[in-house]
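> query.csv is reproduced in full below (CSV, N, CA and C atoms).
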```
chain,number,residue,atom,x,y,z
A,1,PRO,N,-13.2,205.4,-189.5
A,1,PRO,CA,-12.0,205.4,-188.7
A,1,PRO,C,-12.4,205.6,-187.2
A,2,ASN,N,-11.7,204.9,-186.4
A,2,ASN,CA,-11.9,205.0,-184.9
A,2,ASN,C,-11.2,206.3,-184.4
A,3,PRO,N,-12.0,207.2,-183.8
A,3,PRO,CA,-11.4,208.5,-183.3
A,3,PRO,C,-10.4,208.3,-182.2
A,4,ALA,N,-10.5,207.2,-181.5
A,4,ALA,CA,-9.5,206.9,-180.4
A,4,ALA,C,-8.1,206.5,-181.0
A,5,CYS,N,-8.1,206.0,-182.2
A,5,CYS,CA,-6.8,205.6,-182.7
A,5,CYS,C,-6.1,206.9,-183.4
A,6,PRO,N,-4.8,206.9,-183.2
A,6,PRO,CA,-4.1,208.1,-183.8
A,6,PRO,C,-4.2,208.0,-185.4
A,7,ARG,N,-4.2,209.1,-186.0
A,7,ARG,CA,-4.3,209.1,-187.4
A,7,ARG,C,-3.0,208.5,-188.0
A,8,ARG,N,-3.0,208.0,-189.1
A,8,ARG,CA,-1.9,207.4,-189.7
A,8,ARG,C,-1.0,208.4,-190.5
A,9,GLU,N,-0.9,209.6,-189.9
A,9,GLU,CA,0.0,210.6,-190.5
A,9,GLU,C,1.4,210.3,-190.2
A,10,PRO,N,2.3,210.7,-191.0
A,10,PRO,CA,3.7,210.5,-190.7
A,10,PRO,C,4.0,211.2,-189.3
A,11,GLY,N,4.6,210.5,-188.5
A,11,GLY,CA,5.0,211.1,-187.2
A,11,GLY,C,4.0,210.9,-186.1
A,12,ALA,N,2.7,210.6,-186.5
A,12,ALA,CA,1.7,210.5,-185.4
A,12,ALA,C,1.9,209.2,-184.6
A,13,MET,N,2.2,208.1,-185.3
A,13,MET,CA,2.5,206.9,-184.6
A,13,MET,C,3.8,207.0,-183.7
A,14,ALA,N,4.8,207.7,-184.3
A,14,ALA,CA,6.0,207.9,-183.5
A,14,ALA,C,5.8,208.7,-182.3
A,15,ALA,N,4.9,209.7,-182.4
A,15,ALA,CA,4.6,210.6,-181.3
A,15,ALA,C,3.8,209.8,-180.2
A,16,THR,N,2.9,209.0,-180.7
A,16,THR,CA,2.1,208.2,-179.8
A,16,THR,C,3.0,207.2,-179.0
A,17,GLU,N,3.9,206.5,-179.7
A,17,GLU,CA,4.8,205.6,-179.1
A,17,GLU,C,5.8,206.3,-178.2
A,18,ALA,N,6.2,207.5,-178.5
A,18,ALA,CA,7.1,208.2,-177.6
A,18,ALA,C,6.3,208.6,-176.3
A,19,TYR,N,5.1,209.0,-176.5
A,19,TYR,CA,4.3,209.3,-175.3
A,19,TYR,C,4.1,208.1,-174.4
A,20,LEU,N,3.7,207.0,-174.9
A,20,LEU,CA,3.6,205.7,-174.2
A,20,LEU,C,4.9,205.3,-173.5
A,21,GLU,N,6.0,205.4,-174.2
A,21,GLU,CA,7.3,205.1,-173.7
A,21,GLU,C,7.7,206.0,-172.6
A,22,LYS,N,7.5,207.3,-172.8
A,22,LYS,CA,7.8,208.3,-171.8
A,22,LYS,C,7.2,208.1,-170.4
A,23,HIS,N,5.9,207.6,-170.5
A,23,HIS,CA,5.1,207.4,-169.3
A,23,HIS,C,5.1,206.0,-168.8
A,24,GLY,N,5.8,205.1,-169.6
A,24,GLY,CA,5.8,203.7,-169.2
A,24,GLY,C,4.5,203.0,-169.2
A,25,VAL,N,3.6,203.5,-170.1
A,25,VAL,CA,2.2,202.9,-170.2
A,25,VAL,C,2.2,201.5,-170.7
A,26,THR,N,2.9,201.3,-171.8
A,26,THR,CA,2.9,199.9,-172.4
A,26,THR,C,3.4,198.9,-171.5
A,27,LYS,N,4.6,199.2,-170.9
A,27,LYS,CA,5.2,198.3,-169.9
A,27,LYS,C,4.3,198.0,-168.7
A,28,MET,N,3.7,199.1,-168.2
A,28,MET,CA,2.8,198.9,-167.0
A,28,MET,C,1.6,198.1,-167.4
A,29,LEU,N,1.0,198.4,-168.5
A,29,LEU,CA,-0.3,197.7,-168.9
A,29,LEU,C,0.1,196.2,-169.2
A,30,ASP,N,1.2,196.0,-169.8
A,30,ASP,CA,1.6,194.6,-170.1
A,30,ASP,C,1.8,193.8,-168.8
A,31,ALA,N,2.4,194.4,-167.8
A,31,ALA,CA,2.6,193.8,-166.5
A,31,ALA,C,1.2,193.5,-165.8
A,32,ILE,N,0.3,194.4,-165.8
A,32,ILE,CA,-1.0,194.3,-165.2
A,32,ILE,C,-1.8,193.2,-165.9
A,33,VAL,N,-1.8,193.2,-167.2
A,33,VAL,CA,-2.5,192.2,-168.0
A,33,VAL,C,-1.9,190.8,-167.8
A,34,ASN,N,-0.6,190.7,-167.8
A,34,ASN,CA,0.1,189.4,-167.5
A,34,ASN,C,-0.3,188.9,-166.1
A,35,GLU,N,-0.4,189.8,-165.2
A,35,GLU,CA,-0.8,189.3,-163.8
A,35,GLU,C,-2.3,188.9,-163.8
A,36,LEU,N,-3.1,189.6,-164.6
A,36,LEU,CA,-4.5,189.3,-164.7
A,36,LEU,C,-4.7,187.9,-165.3
A,37,VAL,N,-4.0,187.6,-166.3
A,37,VAL,CA,-4.1,186.3,-167.0
A,37,VAL,C,-3.6,185.2,-166.1
A,38,SER,N,-2.5,185.5,-165.3
A,38,SER,CA,-2.0,184.6,-164.4
A,38,SER,C,-2.9,184.2,-163.3
A,39,GLU,N,-3.5,185.3,-162.7
A,39,GLU,CA,-4.4,185.1,-161.5
A,39,GLU,C,-5.8,184.7,-161.9
A,40,LYS,N,-6.3,185.2,-163.0
A,40,LYS,CA,-7.7,184.9,-163.5
A,40,LYS,C,-8.7,185.2,-162.4
A,41,PRO,N,-8.7,186.5,-161.9
A,41,PRO,CA,-9.7,186.8,-160.9
A,41,PRO,C,-11.1,186.8,-161.4
A,42,ALA,N,-12.1,186.6,-160.5
A,42,ALA,CA,-13.5,186.6,-160.9
A,42,ALA,C,-14.0,187.9,-161.4
A,43,ASP,N,-13.4,189.0,-160.9
A,43,ASP,CA,-13.7,190.4,-161.4
A,43,ASP,C,-12.5,191.0,-162.0
A,44,PRO,N,-12.3,190.8,-163.3
A,44,PRO,CA,-11.2,191.3,-164.0
A,44,PRO,C,-11.1,192.9,-164.0
A,45,ILE,N,-12.3,193.5,-164.1
A,45,ILE,CA,-12.3,195.0,-164.2
A,45,ILE,C,-11.7,195.6,-162.9
A,46,SER,N,-12.2,195.1,-161.7
A,46,SER,CA,-11.7,195.5,-160.5
A,46,SER,C,-10.2,195.2,-160.3
A,47,PHE,N,-9.8,194.1,-160.8
A,47,PHE,CA,-8.4,193.7,-160.8
A,47,PHE,C,-7.5,194.7,-161.5
A,48,LEU,N,-8.0,195.1,-162.8
A,48,LEU,CA,-7.3,196.0,-163.6
A,48,LEU,C,-7.2,197.4,-162.9
A,49,ILE,N,-8.4,197.8,-162.4
A,49,ILE,CA,-8.4,199.1,-161.7
A,49,ILE,C,-7.5,199.1,-160.5
A,50,ASN,N,-7.5,198.1,-159.7
A,50,ASN,CA,-6.6,198.0,-158.6
A,50,ASN,C,-5.1,198.0,-159.0
A,51,GLY,N,-4.8,197.3,-160.1
A,51,GLY,CA,-3.5,197.3,-160.6
A,51,GLY,C,-3.0,198.7,-161.0
A,52,LEU,N,-3.9,199.5,-161.6
A,52,LEU,CA,-3.6,200.9,-162.0
A,52,LEU,C,-3.4,201.8,-160.8
A,53,LEU,N,-4.3,201.6,-159.8
A,53,LEU,CA,-4.2,202.3,-158.5
A,53,LEU,C,-2.9,202.0,-157.8
A,54,LYS,N,-2.5,200.8,-157.8
A,54,LYS,CA,-1.2,200.4,-157.2
A,54,LYS,C,0.0,201.1,-157.9
A,55,GLU,N,-0.1,201.0,-159.2
A,55,GLU,CA,0.9,201.6,-160.0
A,55,GLU,C,1.0,203.2,-159.8
A,56,ALA,N,-0.1,203.8,-159.7
A,56,ALA,CA,-0.2,205.2,-159.4
A,56,ALA,C,0.5,205.5,-158.0
A,57,GLY,N,0.2,204.6,-157.1
A,57,GLY,CA,0.8,204.8,-155.7
A,57,GLY,C,2.3,204.6,-155.8
A,58,LYS,N,2.8,203.7,-156.6
A,58,LYS,CA,4.2,203.5,-156.7
A,58,LYS,C,4.9,204.7,-157.3
A,59,ARG,N,4.1,205.4,-158.2
A,59,ARG,CA,4.7,206.6,-158.8
A,59,ARG,C,4.5,207.9,-158.0
A,60,GLY,N,3.8,207.7,-156.9
A,60,GLY,CA,3.6,208.9,-156.0
A,60,GLY,C,2.5,209.8,-156.5
A,61,GLN,N,1.6,209.2,-157.3
A,61,GLN,CA,0.4,209.9,-157.8
A,61,GLN,C,-0.8,209.5,-157.1
A,62,GLU,N,-1.7,210.5,-156.9
A,62,GLU,CA,-3.0,210.2,-156.2
A,62,GLU,C,-4.1,210.5,-157.2
A,63,PRO,N,-4.7,209.4,-157.8
A,63,PRO,CA,-5.7,209.6,-158.8
A,63,PRO,C,-6.9,210.4,-158.2
A,64,ALA,N,-7.7,211.0,-159.0
A,64,ALA,CA,-8.9,211.8,-158.6
A,64,ALA,C,-9.8,210.9,-157.8
A,65,LEU,N,-10.0,209.6,-158.2
A,65,LEU,CA,-10.8,208.7,-157.5
A,65,LEU,C,-10.4,208.6,-156.0
A,66,LEU,N,-9.1,208.4,-155.8
A,66,LEU,CA,-8.7,208.3,-154.4
A,66,LEU,C,-8.8,209.7,-153.6
A,67,GLN,N,-8.6,210.8,-154.3
A,67,GLN,CA,-8.7,212.1,-153.7
A,67,GLN,C,-10.2,212.2,-153.2
A,68,ARG,N,-11.1,211.8,-154.1
A,68,ARG,CA,-12.6,212.0,-153.8
A,68,ARG,C,-12.9,211.0,-152.6
A,69,LEU,N,-12.4,209.8,-152.6
A,69,LEU,CA,-12.6,208.9,-151.5
A,69,LEU,C,-12.1,209.5,-150.2
A,70,VAL,N,-10.9,210.1,-150.2
A,70,VAL,CA,-10.4,210.7,-149.0
A,70,VAL,C,-11.3,211.8,-148.5
A,71,GLU,N,-11.8,212.7,-149.4
A,71,GLU,CA,-12.7,213.7,-149.1
A,71,GLU,C,-14.0,213.1,-148.5
A,72,LEU,N,-14.5,212.1,-149.1
A,72,LEU,CA,-15.7,211.5,-148.5
A,72,LEU,C,-15.5,210.9,-147.1
A,73,LYS,N,-14.3,210.3,-146.9
A,73,LYS,CA,-14.0,209.7,-145.6
A,73,LYS,C,-14.0,210.8,-144.6
A,74,LYS,N,-13.4,212.0,-144.9
A,74,LYS,CA,-13.3,213.1,-144.0
A,74,LYS,C,-14.7,213.6,-143.6
A,75,THR,N,-15.6,213.7,-144.7
A,75,THR,CA,-16.9,214.1,-144.5
A,75,THR,C,-17.7,213.2,-143.6
A,76,LEU,N,-17.5,211.9,-143.9
A,76,LEU,CA,-18.2,210.9,-143.1
A,76,LEU,C,-17.8,210.9,-141.6
A,77,LEU,N,-16.5,211.0,-141.4
A,77,LEU,CA,-16.0,211.1,-140.0
A,77,LEU,C,-16.5,212.3,-139.3
A,78,SER,N,-16.5,213.4,-140.0
A,78,SER,CA,-17.1,214.6,-139.4
A,78,SER,C,-18.5,214.5,-139.0
A,79,GLU,N,-19.3,213.9,-140.0
A,79,GLU,CA,-20.7,213.7,-139.7
A,79,GLU,C,-20.9,212.7,-138.6
A,80,GLN,N,-20.1,211.7,-138.5
A,80,GLN,CA,-20.2,210.7,-137.5
A,80,GLN,C,-19.9,211.4,-136.1
A,81,ALA,N,-18.9,212.2,-136.0
A,81,ALA,CA,-18.7,212.9,-134.8
A,81,ALA,C,-19.8,213.8,-134.4
A,82,GLU,N,-20.4,214.5,-135.4
A,82,GLU,CA,-21.6,215.4,-135.1
A,82,GLU,C,-22.8,214.6,-134.7
A,83,ALA,N,-23.0,213.4,-135.3
A,83,ALA,CA,-24.1,212.5,-134.9
A,83,ALA,C,-23.9,212.0,-133.5
A,84,SER,N,-22.6,211.7,-133.1
A,84,SER,CA,-22.3,211.2,-131.8
A,84,SER,C,-22.6,212.3,-130.7
A,85,LYS,N,-22.3,213.6,-131.1
A,85,LYS,CA,-22.6,214.7,-130.2
A,85,LYS,C,-24.1,214.9,-130.0
A,86,THR,N,-24.8,214.7,-131.1
A,86,THR,CA,-26.2,214.9,-131.1
A,86,THR,C,-26.9,213.8,-130.2
A,87,LEU,N,-26.4,212.6,-130.3
A,87,LEU,CA,-26.9,211.5,-129.5
A,87,LEU,C,-26.6,211.7,-128.0
A,88,ASP,N,-25.4,212.2,-127.7
A,88,ASP,CA,-25.1,212.6,-126.3
A,88,ASP,C,-26.0,213.6,-125.8
A,89,GLU,N,-26.3,214.6,-126.6
A,89,GLU,CA,-27.2,215.7,-126.2
A,89,GLU,C,-28.6,215.2,-126.0
A,90,LYS,N,-29.0,214.3,-126.9
A,90,LYS,CA,-30.4,213.7,-126.8
A,90,LYS,C,-30.5,212.9,-125.5
A,91,ALA,N,-29.4,212.2,-125.1
A,91,ALA,CA,-29.4,211.4,-123.9
A,91,ALA,C,-29.5,212.3,-122.7
A,92,LYS,N,-28.8,213.4,-122.7
A,92,LYS,CA,-28.8,214.4,-121.6
A,92,LYS,C,-30.2,215.0,-121.5
A,93,LEU,N,-30.8,215.3,-122.6
A,93,LEU,CA,-32.2,215.9,-122.6
A,93,LEU,C,-33.2,214.9,-122.2
A,94,SER,N,-33.0,213.7,-122.5
A,94,SER,CA,-33.9,212.6,-122.1
A,94,SER,C,-33.9,212.4,-120.6
A,95,ALA,N,-32.6,212.4,-120.1
A,95,ALA,CA,-32.5,212.3,-118.6
A,95,ALA,C,-33.1,213.5,-117.9
A,96,GLU,N,-33.0,214.7,-118.5
A,96,GLU,CA,-33.6,215.9,-117.9
A,96,GLU,C,-35.1,215.8,-117.9
A,97,VAL,N,-35.7,215.3,-119.0
A,97,VAL,CA,-37.1,215.1,-119.1
A,97,VAL,C,-37.6,214.1,-118.1
A,98,ASP,N,-36.8,213.0,-117.9
A,98,ASP,CA,-37.2,212.0,-116.8
A,98,ASP,C,-37.2,212.7,-115.5
A,99,LYS,N,-36.2,213.5,-115.2
A,99,LYS,CA,-36.2,214.2,-113.9
A,99,LYS,C,-37.3,215.1,-113.7
A,100,LEU,N,-37.6,215.9,-114.8
A,100,LEU,CA,-38.8,216.8,-114.7
A,100,LEU,C,-40.1,216.1,-114.5
A,101,ALA,N,-40.3,215.0,-115.2
A,101,ALA,CA,-41.5,214.2,-115.1
A,101,ALA,C,-41.6,213.7,-113.7
A,102,TYR,N,-40.5,213.2,-113.1
A,102,TYR,CA,-40.5,212.8,-111.7
A,102,TYR,C,-41.0,213.9,-110.8
A,103,ARG,N,-40.4,215.1,-111.0
A,103,ARG,CA,-40.8,216.2,-110.1
A,103,ARG,C,-42.2,216.6,-110.3
A,104,ILE,N,-42.7,216.6,-111.5
A,104,ILE,CA,-44.1,216.9,-111.8
A,104,ILE,C,-45.0,215.9,-111.1
A,105,LYS,N,-44.7,214.7,-111.2
A,105,LYS,CA,-45.4,213.6,-110.6
A,105,LYS,C,-45.6,213.8,-109.1
A,106,HIS,N,-44.5,214.1,-108.5
A,106,HIS,CA,-44.5,214.2,-107.0
A,106,HIS,C,-45.1,215.6,-106.6
A,107,LEU,N,-45.0,216.6,-107.4
A,107,LEU,CA,-45.7,217.8,-107.1
A,107,LEU,C,-47.2,217.7,-107.3
A,108,CYS,N,-47.6,216.9,-108.3
A,108,CYS,CA,-49.1,216.7,-108.4
A,108,CYS,C,-49.6,215.8,-107.3
A,109,LYS,N,-48.8,214.9,-106.8
A,109,LYS,CA,-49.2,214.0,-105.7
A,109,LYS,C,-49.3,214.9,-104.5
A,110,ALA,N,-48.4,215.8,-104.3
A,110,ALA,CA,-48.4,216.7,-103.1
A,110,ALA,C,-49.6,217.6,-103.2
A,111,LEU,N,-50.0,218.1,-104.4
A,111,LEU,CA,-51.2,219.0,-104.5
A,111,LEU,C,-52.4,218.2,-104.3
A,112,ASP,N,-52.5,216.9,-104.8
A,112,ASP,CA,-53.6,216.1,-104.6
A,112,ASP,C,-53.8,215.8,-103.1
A,113,THR,N,-52.7,215.5,-102.4
A,113,THR,CA,-52.8,215.2,-101.0
A,113,THR,C,-53.2,216.5,-100.2
A,114,ALA,N,-52.7,217.6,-100.6
A,114,ALA,CA,-53.0,218.9,-99.9
A,114,ALA,C,-54.5,219.2,-100.1
A,115,GLU,N,-55.0,219.0,-101.3
A,115,GLU,CA,-56.4,219.3,-101.6
A,115,GLU,C,-57.3,218.3,-100.9
A,116,ALA,N,-56.9,217.0,-100.8
A,116,ALA,CA,-57.7,216.0,-100.1
A,116,ALA,C,-57.8,216.3,-98.7
A,117,ASN,N,-56.8,216.9,-98.1
A,117,ASN,CA,-56.8,217.3,-96.7
A,117,ASN,C,-57.4,218.7,-96.4
A,118,GLY,N,-57.9,219.3,-97.5
A,118,GLY,CA,-58.5,220.6,-97.3
A,118,GLY,C,-57.6,221.7,-97.3
A,119,GLY,N,-56.4,221.5,-97.6
A,119,GLY,CA,-55.4,222.6,-97.6
A,119,GLY,C,-55.1,223.2,-98.9
A,120,GLY,N,-55.9,223.0,-99.8
A,120,GLY,CA,-55.7,223.6,-101.2
A,120,GLY,C,-56.1,225.0,-101.4
A,121,GLY,N,-56.6,225.7,-100.3
A,121,GLY,CA,-57.0,227.1,-100.4
A,121,GLY,C,-58.4,227.2,-101.1
A,122,GLY,N,-59.1,226.1,-101.1
A,122,GLY,CA,-60.5,226.1,-101.6
A,122,GLY,C,-60.5,226.2,-103.1
A,123,GLY,N,-59.4,226.2,-103.8
A,123,GLY,CA,-59.4,226.2,-105.3
A,123,GLY,C,-59.7,224.9,-105.9
A,124,ALA,N,-59.9,224.9,-107.2
A,124,ALA,CA,-60.1,223.6,-107.9
A,124,ALA,C,-58.7,222.9,-108.0
A,125,ALA,N,-58.8,221.6,-108.2
A,125,ALA,CA,-57.6,220.8,-108.4
A,125,ALA,C,-56.9,221.3,-109.7
A,126,ALA,N,-55.6,221.2,-109.7
A,126,ALA,CA,-54.8,221.6,-110.9
A,126,ALA,C,-55.2,220.6,-112.0
A,127,PRO,N,-55.5,221.1,-113.2
A,127,PRO,CA,-55.9,220.2,-114.3
A,127,PRO,C,-54.8,219.3,-114.7
A,128,GLY,N,-55.1,218.0,-114.8
A,128,GLY,CA,-54.1,217.1,-115.3
A,128,GLY,C,-53.1,216.7,-114.2
A,129,CYS,N,-53.4,217.1,-113.0
A,129,CYS,CA,-52.5,216.8,-111.9
A,129,CYS,C,-53.0,215.7,-111.1
A,130,VAL,N,-53.3,214.5,-111.7
A,130,VAL,CA,-53.8,213.4,-111.0
A,130,VAL,C,-52.6,212.4,-110.9
A,131,TRP,N,-52.4,211.9,-109.7
A,131,TRP,CA,-51.2,211.1,-109.4
A,131,TRP,C,-51.0,210.0,-110.4
A,132,GLY,N,-52.0,209.2,-110.8
A,132,GLY,CA,-51.8,208.1,-111.7
A,132,GLY,C,-51.5,208.5,-113.1
A,133,GLU,N,-51.7,209.7,-113.5
A,133,GLU,CA,-51.5,210.1,-114.9
A,133,GLU,C,-50.0,210.3,-115.3
A,134,MET,N,-49.2,210.5,-114.4
A,134,MET,CA,-47.8,210.8,-114.8
A,134,MET,C,-47.0,209.5,-114.9
```
Please go through the file and, once you have read it, give me the structure as structure tokens.


Amino acid sequence: PNPACPRREPGAMAATEAYLEKHGVTKMLDAIVNELVSEKPADPISFLINGLLKEAGKRGQEPALLQRLVELKKTLLSEQAEASKTLDEKAKLSAEVDKLAYRIKHLCKALDTAEANGGGGGGAAAPGCVWGEM
């Protein structure tokens, strides 16, 4: 016997039919299947799922699938905003690095010029402070 089928006990079928009637399941599924047969979509499974989701919406119900999708959307939007802030921060830091590199380059050039003119105080040139290296 199929465990999904109700047992053939007296009243079991009546209880099943009452449940289906109470929730409008048979009528709803008949309508969705009739629409499926009429439209003959390439992906009947998705069609049936979408039909059930539409029906749930009409009834004011939000299936767990939709709730999870809404949660995922919120998470993605939050992470997207955070990524955008991180990219902005990276751009600011990159601009700061460029400014500092420019300053170092010109300071090294000034040191090289001062040392070439004998004004470096007699000390050795600053290591890595060669004009063409920056």

> Which distance in Å separates atom CA of Ala15 of chain A and atom C of Lys58 of chain A, to one decimal?

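Taking atom CA of Ala15 of chain A as the start and atom C of Lys58 of chain A as the end point, the length is 24.7 Å.
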
> When you draw a straight line from atom C of Gln61 of chain A to atom CA of His23 of chain A, how long is it in Å?

13.7 Å

> May I ask for the distance between atom N of Glu55 of chain A and atom C of Ala14 of chain A, given in Å to one decimal place?

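Calculated distance between atom N of Glu55 of chain A and atom C of Ala14 of chain A is 25.1 Å.
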